[in-house]
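Asker: One structure follows; several queries about it will come next.
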Amino acid sequence: MRTGKDMWVVALVPVKLNSQRVPHKNVRDLGGHPLLWHVCNTLARAEGIDEVCVYCSSEEVERYLPDGATFVQRPEWLDADEVKGAQIYGEFMSQVDADAYVLAHTTSPFLSRESVERGVEAIRSGEHDSAFTAQRVQTFCWFRGEPLNYDLADVPRTQDMEPVWVETSGFYMFRRELFLEEGRRIGHDPLIVEVSPIEAVDIDEPQDFELAEAIAASRTKGVD
């Protein structure tokens with residue numbers, strides 16, 4: 001198992017040029033660039049990633065890519081709505097060899113370079129077999145009609161509670177052998193990379209895009 005500088009790390013960004021809930025969202029303008037451009041640009045600038053691959057069935061996507069991102073053509077059957085993510089990742093890995101992969105999504109345009117680099121370093125160092133982005137939730141949570149993280153008979157202060165971690169769409173990083181042998185993108189010793197609420201924005205519905213546009217506009221104006 002190679003670690004450190006000897007590892008070859010490839011970023012995978014799956015892209016469809018059309019989508020159901022937000023039509024053509026991946027190429028829709030956000031802050032002066034197509035949506036898909038943002039995460040690709042972040043990955044291309046991140047230390048520790050050797051190659052950024054946009055996995056799409058149409059070569060038309062090439063005109064939307066930033067410098068440092070490469071188009072890899074995927075079979076059209078992977079565009080079907082019933083196709084699962086694992087099928088896409090497995091097919092990509094059969095086409096592009098690497099020691100580790102960074103699966104990232106266009107729907108997380110505000111993912112930071114620092115978060116990406118933190119995850120990559122954890123994989124390259126050998127300290128963790130995987131990494132993923134998540135938000136910390138440190139408040140009163142319920143699941144299946146029961147308190148999830150506190151006792152009703154002894155209600156704690158929120159600052160003393162054990163946090164709940166919610167996965168975001170930012171990235172999943174994993175070693176090749178982990179996925180091929182176990183079919184998992186999160187391993188046995190993952191690093192949880194905590195992200196801010198803005199980094200955690202995931203564009204899935206029309207109102208999500210409206211929120212992203214507001215954030216992008218505030219950044220352009222220099223408003224935090």
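Identifiers for the structure tokens are assigned positionally: chains receive A, B, ... in sequence, residues are indexed from 1 per chain, and ligands are indexed from 1 in the order shown.
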Which residues are close to Phe179 (chain A), i.e. within 12 Å by only C-alpha atoms, leaving aside same-chain residues fewer than 4 positions away? Reply as a VMD selection string.
Answerer: chain A and resid 86 to 87 89 to 94 98 to 101 103 129 to 130 172 to 175 183 to 188
Asker: Store the residues picked out above in a file with C-alpha atoms, as a compact mmCIF listing (two decimals), in the first residue's frame.
Answerer:
```txt
# COMPACT_ATOMS: atom_id res chain seq x y z
CA ALA A 86 -21.63 2.76 -6.76
CA GLN A 87 -22.10 1.67 -10.38
CA TYR A 89 -17.72 4.86 -9.27
CA GLY A 90 -16.92 1.27 -10.17
CA GLU A 91 -17.07 1.95 -13.90
CA PHE A 92 -14.87 5.01 -13.53
CA MET A 93 -12.30 3.05 -11.54
CA SER A 94 -12.16 0.47 -14.31
CA ALA A 98 -5.36 5.43 -8.94
CA ASP A 99 -4.32 4.60 -5.39
CA ALA A 100 -7.08 6.76 -3.94
CA TYR A 101 -10.09 8.66 -5.22
CA LEU A 103 -15.44 11.70 -5.13
CA ASP A 129 -8.43 4.85 5.06
CA SER A 130 -11.11 7.35 4.03
CA TYR A 172 -15.87 11.19 -0.06
CA MET A 173 -12.24 10.08 -0.25
CA PHE A 174 -11.26 6.44 -0.22
CA ARG A 175 -8.51 4.03 -1.13
CA GLY A 183 -17.84 -1.75 -2.01
CA ARG A 184 -17.54 1.10 0.48
CA ARG A 185 -16.66 4.74 0.12
CA ILE A 186 -16.33 5.18 3.91
CA GLY A 187 -13.87 2.80 5.49
CA HIS A 188 -13.14 1.51 8.99
```
Asker: Can you list, as a PyMOL selection string, every protein, DNA or RNA residue that comes within 8 Å of region 53-56 of chain A when you count only C-alpha atoms, leaving out same-chain residues fewer than 2 positions away?
Answerer: chain A and resi 10-17+40+51+58-59+61+69-74+92
Asker: From the set A:Thr107, A:Gln135, A:Asn18, A:Ser196, which residue has the shortest atom-to-atom contact distance to Leu35 (chain A), counting only C-alpha atoms?
Answerer: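 Comparing A:Thr107, A:Gln135, A:Asn18, A:Ser196 against Leu35 (chain A), the winner is A:Thr107.
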Asker: May I have the residues within 12 Å of Ile192 (chain A) as JSON, numbers by chain, using only C-alpha atoms and disregarding those fewer than 6 positions away in the same chain?
Answerer: {"A": [115, 116, 118, 119, 120, 122, 123, 128, 129, 130, 131, 132, 133, 134, 135, 136, 164, 165, 166, 167, 168, 170, 171, 172, 173, 186]}
Asker: Export, as a PDB file, in the first residue's frame, the selected residues with C-alpha atoms.
Answerer:
```
ATOM      1  CA  SER A 115     -11.273  21.086   3.560  1.00  0.00           C
ATOM      2  CA  VAL A 116     -10.206  19.127   0.481  1.00  0.00           C
ATOM      3  CA  ARG A 118      -7.231  18.196   4.948  1.00  0.00           C
ATOM      4  CA  GLY A 119      -8.960  15.084   3.681  1.00  0.00           C
ATOM      5  CA  VAL A 120      -6.297  14.294   1.089  1.00  0.00           C
ATOM      6  CA  ALA A 122      -5.309  12.151   5.931  1.00  0.00           C
ATOM      7  CA  ILE A 123      -5.367   9.583   3.114  1.00  0.00           C
ATOM      8  CA  HIS A 128      -7.027   7.162   7.723  1.00  0.00           C
ATOM      9  CA  ASP A 129      -8.432   4.852   5.059  1.00  0.00           C
ATOM     10  CA  SER A 130     -11.113   7.349   4.030  1.00  0.00           C
ATOM     11  CA  ALA A 131     -12.489  10.819   4.672  1.00  0.00           C
ATOM     12  CA  PHE A 132     -15.785  12.611   4.216  1.00  0.00           C
ATOM     13  CA  THR A 133     -17.375  15.982   4.849  1.00  0.00           C
ATOM     14  CA  ALA A 134     -19.998  16.423   7.548  1.00  0.00           C
ATOM     15  CA  GLN A 135     -21.787  19.046   9.587  1.00  0.00           C
ATOM     16  CA  ARG A 136     -21.765  19.013  13.363  1.00  0.00           C
ATOM     17  CA  VAL A 164     -24.364  14.164  15.785  1.00  0.00           C
ATOM     18  CA  TRP A 165     -22.549  14.238  12.447  1.00  0.00           C
ATOM     19  CA  VAL A 166     -24.539  14.660   9.234  1.00  0.00           C
ATOM     20  CA  GLU A 167     -22.814  13.723   5.981  1.00  0.00           C
ATOM     21  CA  THR A 168     -22.762  16.394   3.278  1.00  0.00           C
ATOM     22  CA  GLY A 170     -18.894  17.789  -0.411  1.00  0.00           C
ATOM     23  CA  PHE A 171     -16.610  14.805  -0.858  1.00  0.00           C
ATOM     24  CA  TYR A 172     -15.870  11.186  -0.057  1.00  0.00           C
ATOM     25  CA  MET A 173     -12.241  10.081  -0.252  1.00  0.00           C
ATOM     26  CA  ILE A 186     -16.325   5.179   3.906  1.00  0.00           C
TER      27      ILE A 186
END
```
Asker: If you run DSSP on the backbone here, which positions in region 38-207 of chain A get alpha helix (DSSP H)? Please write them as number ranges by chain.
Answerer: A: 38-45, 85-95, 113-124, 176-182, 206-207
Asker: Generate the output file for the selected residues, N, CA and C atoms, as a tab-separated table (two decimals), in the first residue's frame.
Answerer:
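Result went into selection-v1.tsv, see below:
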```tsv
chain	number	residue	atom	x	y	z
A	38	HIS	N	-17.23	25.32	-10.32
A	38	HIS	CA	-16.76	25.72	-8.99
A	38	HIS	C	-16.01	24.61	-8.27
A	39	VAL	N	-16.64	23.44	-8.11
A	39	VAL	CA	-15.96	22.37	-7.38
A	39	VAL	C	-14.76	21.86	-8.17
A	40	CYS	N	-14.86	21.84	-9.51
A	40	CYS	CA	-13.73	21.40	-10.33
A	40	CYS	C	-12.54	22.33	-10.15
A	41	ASN	N	-12.80	23.61	-10.08
A	41	ASN	CA	-11.73	24.59	-9.88
A	41	ASN	C	-11.08	24.43	-8.51
A	42	THR	N	-11.91	24.18	-7.50
A	42	THR	CA	-11.37	23.96	-6.15
A	42	THR	C	-10.47	22.74	-6.11
A	43	LEU	N	-10.92	21.66	-6.71
A	43	LEU	CA	-10.14	20.43	-6.74
A	43	LEU	C	-8.84	20.61	-7.52
A	44	ALA	N	-8.90	21.34	-8.63
A	44	ALA	CA	-7.72	21.53	-9.47
A	44	ALA	C	-6.65	22.35	-8.75
A	45	ARG	N	-7.05	23.19	-7.80
A	45	ARG	CA	-6.10	24.03	-7.06
A	45	ARG	C	-5.61	23.37	-5.77
A	85	GLY	N	-25.00	5.26	-7.45
A	85	GLY	CA	-23.69	5.88	-7.44
A	85	GLY	C	-22.56	4.87	-7.50
A	86	ALA	N	-22.70	3.76	-6.80
A	86	ALA	CA	-21.63	2.76	-6.76
A	86	ALA	C	-21.31	2.21	-8.16
A	87	GLN	N	-22.32	2.14	-9.01
A	87	GLN	CA	-22.10	1.67	-10.38
A	87	GLN	C	-21.25	2.68	-11.14
A	88	ILE	N	-21.51	3.96	-10.93
A	88	ILE	CA	-20.73	4.99	-11.59
A	88	ILE	C	-19.28	4.97	-11.12
A	89	TYR	N	-19.08	4.85	-9.82
A	89	TYR	CA	-17.72	4.86	-9.27
A	89	TYR	C	-16.94	3.64	-9.76
A	90	GLY	N	-17.60	2.49	-9.74
A	90	GLY	CA	-16.92	1.27	-10.17
A	90	GLY	C	-16.51	1.32	-11.63
A	91	GLU	N	-17.39	1.84	-12.48
A	91	GLU	CA	-17.07	1.95	-13.90
A	91	GLU	C	-15.93	2.93	-14.12
A	92	PHE	N	-15.95	4.04	-13.40
A	92	PHE	CA	-14.87	5.01	-13.53
A	92	PHE	C	-13.54	4.40	-13.11
A	93	MET	N	-13.54	3.66	-12.02
A	93	MET	CA	-12.30	3.05	-11.54
A	93	MET	C	-11.75	2.02	-12.50
A	94	SER	N	-12.62	1.41	-13.30
A	94	SER	CA	-12.16	0.47	-14.31
A	94	SER	C	-11.50	1.20	-15.48
A	95	GLN	N	-11.80	2.49	-15.64
A	95	GLN	CA	-11.23	3.30	-16.72
A	95	GLN	C	-10.01	4.09	-16.27
A	113	ARG	N	-11.03	24.73	-0.51
A	113	ARG	CA	-9.76	24.07	-0.81
A	113	ARG	C	-9.14	23.50	0.47
A	114	GLU	N	-9.27	24.23	1.57
A	114	GLU	CA	-8.68	23.78	2.83
A	114	GLU	C	-9.31	22.47	3.31
A	115	SER	N	-10.61	22.33	3.16
A	115	SER	CA	-11.27	21.09	3.56
A	115	SER	C	-10.80	19.92	2.70
A	116	VAL	N	-10.68	20.17	1.40
A	116	VAL	CA	-10.21	19.13	0.48
A	116	VAL	C	-8.80	18.69	0.86
A	117	GLU	N	-7.93	19.64	1.09
A	117	GLU	CA	-6.54	19.31	1.40
A	117	GLU	C	-6.41	18.58	2.73
A	118	ARG	N	-7.26	18.90	3.66
A	118	ARG	CA	-7.23	18.20	4.95
A	118	ARG	C	-7.58	16.72	4.75
A	119	GLY	N	-8.58	16.47	3.95
A	119	GLY	CA	-8.96	15.08	3.68
A	119	GLY	C	-7.89	14.32	2.92
A	120	VAL	N	-7.33	14.95	1.90
A	120	VAL	CA	-6.30	14.29	1.09
A	120	VAL	C	-5.08	13.95	1.93
A	121	GLU	N	-4.68	14.86	2.80
A	121	GLU	CA	-3.52	14.62	3.65
A	121	GLU	C	-3.76	13.42	4.57
A	122	ALA	N	-4.99	13.28	5.05
A	122	ALA	CA	-5.31	12.15	5.93
A	122	ALA	C	-5.16	10.82	5.20
A	123	ILE	N	-5.50	10.81	3.91
A	123	ILE	CA	-5.37	9.58	3.11
A	123	ILE	C	-3.91	9.34	2.75
A	124	ARG	N	-3.24	10.37	2.27
A	124	ARG	CA	-1.84	10.22	1.85
A	124	ARG	C	-0.93	9.81	3.01
A	176	ARG	N	-8.45	2.81	-3.19
A	176	ARG	CA	-8.97	1.95	-4.25
A	176	ARG	C	-9.38	0.57	-3.71
A	177	GLU	N	-8.51	-0.03	-2.90
A	177	GLU	CA	-8.78	-1.39	-2.42
A	177	GLU	C	-10.01	-1.44	-1.51
A	178	LEU	N	-10.29	-0.35	-0.80
A	178	LEU	CA	-11.45	-0.31	0.06
A	178	LEU	C	-12.73	-0.49	-0.76
A	179	PHE	N	-12.82	0.25	-1.85
A	179	PHE	CA	-14.03	0.15	-2.67
A	179	PHE	C	-14.10	-1.17	-3.42
A	180	LEU	N	-12.99	-1.61	-3.98
A	180	LEU	CA	-13.01	-2.84	-4.77
A	180	LEU	C	-13.27	-4.08	-3.91
A	181	GLU	N	-12.74	-4.09	-2.70
A	181	GLU	CA	-12.88	-5.27	-1.84
A	181	GLU	C	-14.16	-5.27	-1.02
A	182	GLU	N	-14.64	-4.08	-0.65
A	182	GLU	CA	-15.79	-4.01	0.25
A	182	GLU	C	-16.96	-3.21	-0.29
A	206	PRO	N	-34.88	23.70	-6.62
A	206	PRO	CA	-34.78	25.08	-7.13
A	206	PRO	C	-34.46	26.12	-6.05
A	207	GLN	N	-35.05	25.96	-4.86
A	207	GLN	CA	-34.78	26.94	-3.80
A	207	GLN	C	-33.32	26.87	-3.31
```
Asker: Could you pull out all residues of region 37-170 of chain A with a DSSP call of strand (DSSP E) and give them as a count of residues only?
Answerer: 35
Asker: Give the answer as one residue: which of A:Glu60, A:Glu213, A:Glu199, A:Asp6 has the shortest atom-to-atom distance to Ser112 (chain A), using only C-alpha atoms?
Answerer: A:Glu199
